[in-house]
Amino acid sequence: MTTDTHSNRSTTDTFGLDWLSVALILGGVLLLYYIVPLVSLFLSVSAGEILARMNNPTVVDSATTSLLSASISTAVATLFGLPLAYWLARTDGAVTKVVLAVVVLPLVLPPTVGGIVLLTVFGPGSPLGEAAITAGFPLTRSLAGVILAQTFVASPFVVVTAKAAFESVDQTLEYASRSLGKSRLTTARHVTLPLAGPGILAGVTLAFARAIGEFGATMMMAYYPRTMPVQIWVAFIELGLDNAYPVAILLVLIAATALLILNTIASNPWE
């Protein structure tokens, strides 16, 4: 009996190991599909040539615009997204599900459709857009347009990830704080937020990375000032692929930095 059990266990282990090998091989194909183009990008031009092109005023301007607008967009997404995430995490019912669906919708919409949706509200032909133009603060073809587009597509990352972080907090700790006479706001500030902090930071980091890489909605809302993704497209169309490399490599480096943050000081939501 012991021999049969041992034999069955060995067979299962071998079978499992074989399937792990198959999984690695199949998954490795996709992994190579990710890695090879990235390596090829960095090998396409010399480091000296890349550094020289990065001193180009258009590249500097696009990088400055992207970093500034993505920082503002992330701050706006965090300011308004965290309260919404907390509400979603602490409520339940049909209304909560509908609100969550609305939050997730920008993630599944094609970016260009997102841009069209925004133009119906903020474009020159809309009441709000016309009022903004009259006030000397146009909401399209401006930094404000870039921020509006980035916030629309990137803010769901803050809400969804922070919601998961809030839900992971043991509510008995919140109940204990409330039983000691602390208000809900005080409890949220001193108990919930610190415990959910790594997850919230992950959402903020993802939102920043998504905002700085946004292209479709930004093209619709604000072709100028050019962000890095828009500059990559313009350089590719007007001057060819080689001239798009510097900004593309800069974007890859920023994305890699965001990934480093996720895996060090933040809580990676996909681990």
# chains A, B, ... in the order shown; residues from 1 in each chain; ligands from 1

call {"tool": "select_by_dssp", "arguments": {"residues": "region 95-206 of chain A", "states": "alpha helix (DSSP H)", "output": "VMD selection string"}}
result
chain A and resid 95 to 108 111 to 122 127 to 134 143 to 167 171 to 179 184 to 187 193 to 206

call {"tool": "closest_atom_pairs", "arguments": {"of": "region 152-242 of chain A", "to": "region 106-124 of chain A", "cutoff": "12 Å", "atoms": "only C-alpha atoms", "output": "CSV"}}
result
residue,atom,partner,partner_atom,distance
A:Phe152,CA,A:Pro106,CA,6.7
A:Val153,CA,A:Pro106,CA,5.6
A:Ala154,CA,A:Leu107,CA,8.0
A:Ser155,CA,A:Pro106,CA,8.9
A:Pro156,CA,A:Leu107,CA,7.0
A:Phe157,CA,A:Leu107,CA,8.4
A:Val158,CA,A:Leu107,CA,11.8
A:Val159,CA,A:Leu107,CA,11.6
A:Val160,CA,A:Leu107,CA,10.6
A:Ala207,CA,A:Leu107,CA,11.3
A:Arg210,CA,A:Leu107,CA,10.4
A:Ala211,CA,A:Pro111,CA,11.6
A:Gly213,CA,A:Pro111,CA,11.4
A:Glu214,CA,A:Pro111,CA,8.1
A:Phe215,CA,A:Pro111,CA,7.5
A:Gly216,CA,A:Thr112,CA,4.7
A:Ala217,CA,A:Gly115,CA,3.9
A:Thr218,CA,A:Gly115,CA,6.8
A:Met219,CA,A:Gly115,CA,7.7
A:Met220,CA,A:Gly115,CA,5.1
A:Met221,CA,A:Gly115,CA,6.0
A:Ala222,CA,A:Gly115,CA,9.4
A:Tyr223,CA,A:Gly115,CA,11.4

call {"tool": "closest_residue", "arguments": {"among": "A:Glu167, A:Ser73, A:Ser44, A:Ala202", "to": "Leu260 (chain A)", "atoms": "only C-alpha atoms"}}
result
A:Ala202

call {"tool": "closest_residue", "arguments": {"among": "A:Val230, A:Ala70, A:Ala132, A:Ala52", "to": "Ile147 (chain A)", "atoms": "only C-alpha atoms"}}
result
A:Ala70

call {"tool": "residues_around", "arguments": {"residues": "region 235-241 of chain A", "least_positions_apart": "5", "cutoff": "10 Å", "atoms": "only C-alpha atoms", "output": "list in words"}}
result
Thr58, Val59, Pro229, Val230 and Val247 of chain A

call {"tool": "atom_distance", "arguments": {"atom1": "CA of Leu82 (chain A)", "atom2": "CA of Ile261 (chain A)"}}
result
19.6 Å

call {"tool": "closest_residue", "arguments": {"among": "A:Thr172, A:Ser69, A:Thr91, A:Thr257", "to": "Leu206 (chain A)", "atoms": "only C-alpha atoms"}}
result
A:Thr257

call {"tool": "closest_atom_pairs", "arguments": {"of": "region 49-136 of chain A", "to": "region 177-192 of chain A", "cutoff": "12 Å", "atoms": "only C-alpha atoms", "output": "CSV"}}
result
residue,atom,partner,partner_atom,distance
A:Leu82,CA,A:Ala188,CA,11.1
A:Pro83,CA,A:Ala188,CA,10.3
A:Tyr86,CA,A:Ala188,CA,9.0
A:Trp87,CA,A:Ala188,CA,11.3
A:Ala89,CA,A:Thr192,CA,11.3
A:Arg90,CA,A:Ala188,CA,11.4

call {"tool": "closest_residue", "arguments": {"among": "A:Trp233, A:Tyr245, A:Phe137, A:Tyr175", "to": "Leu51 (chain A)", "atoms": "only C-alpha atoms"}}
result
A:Tyr245
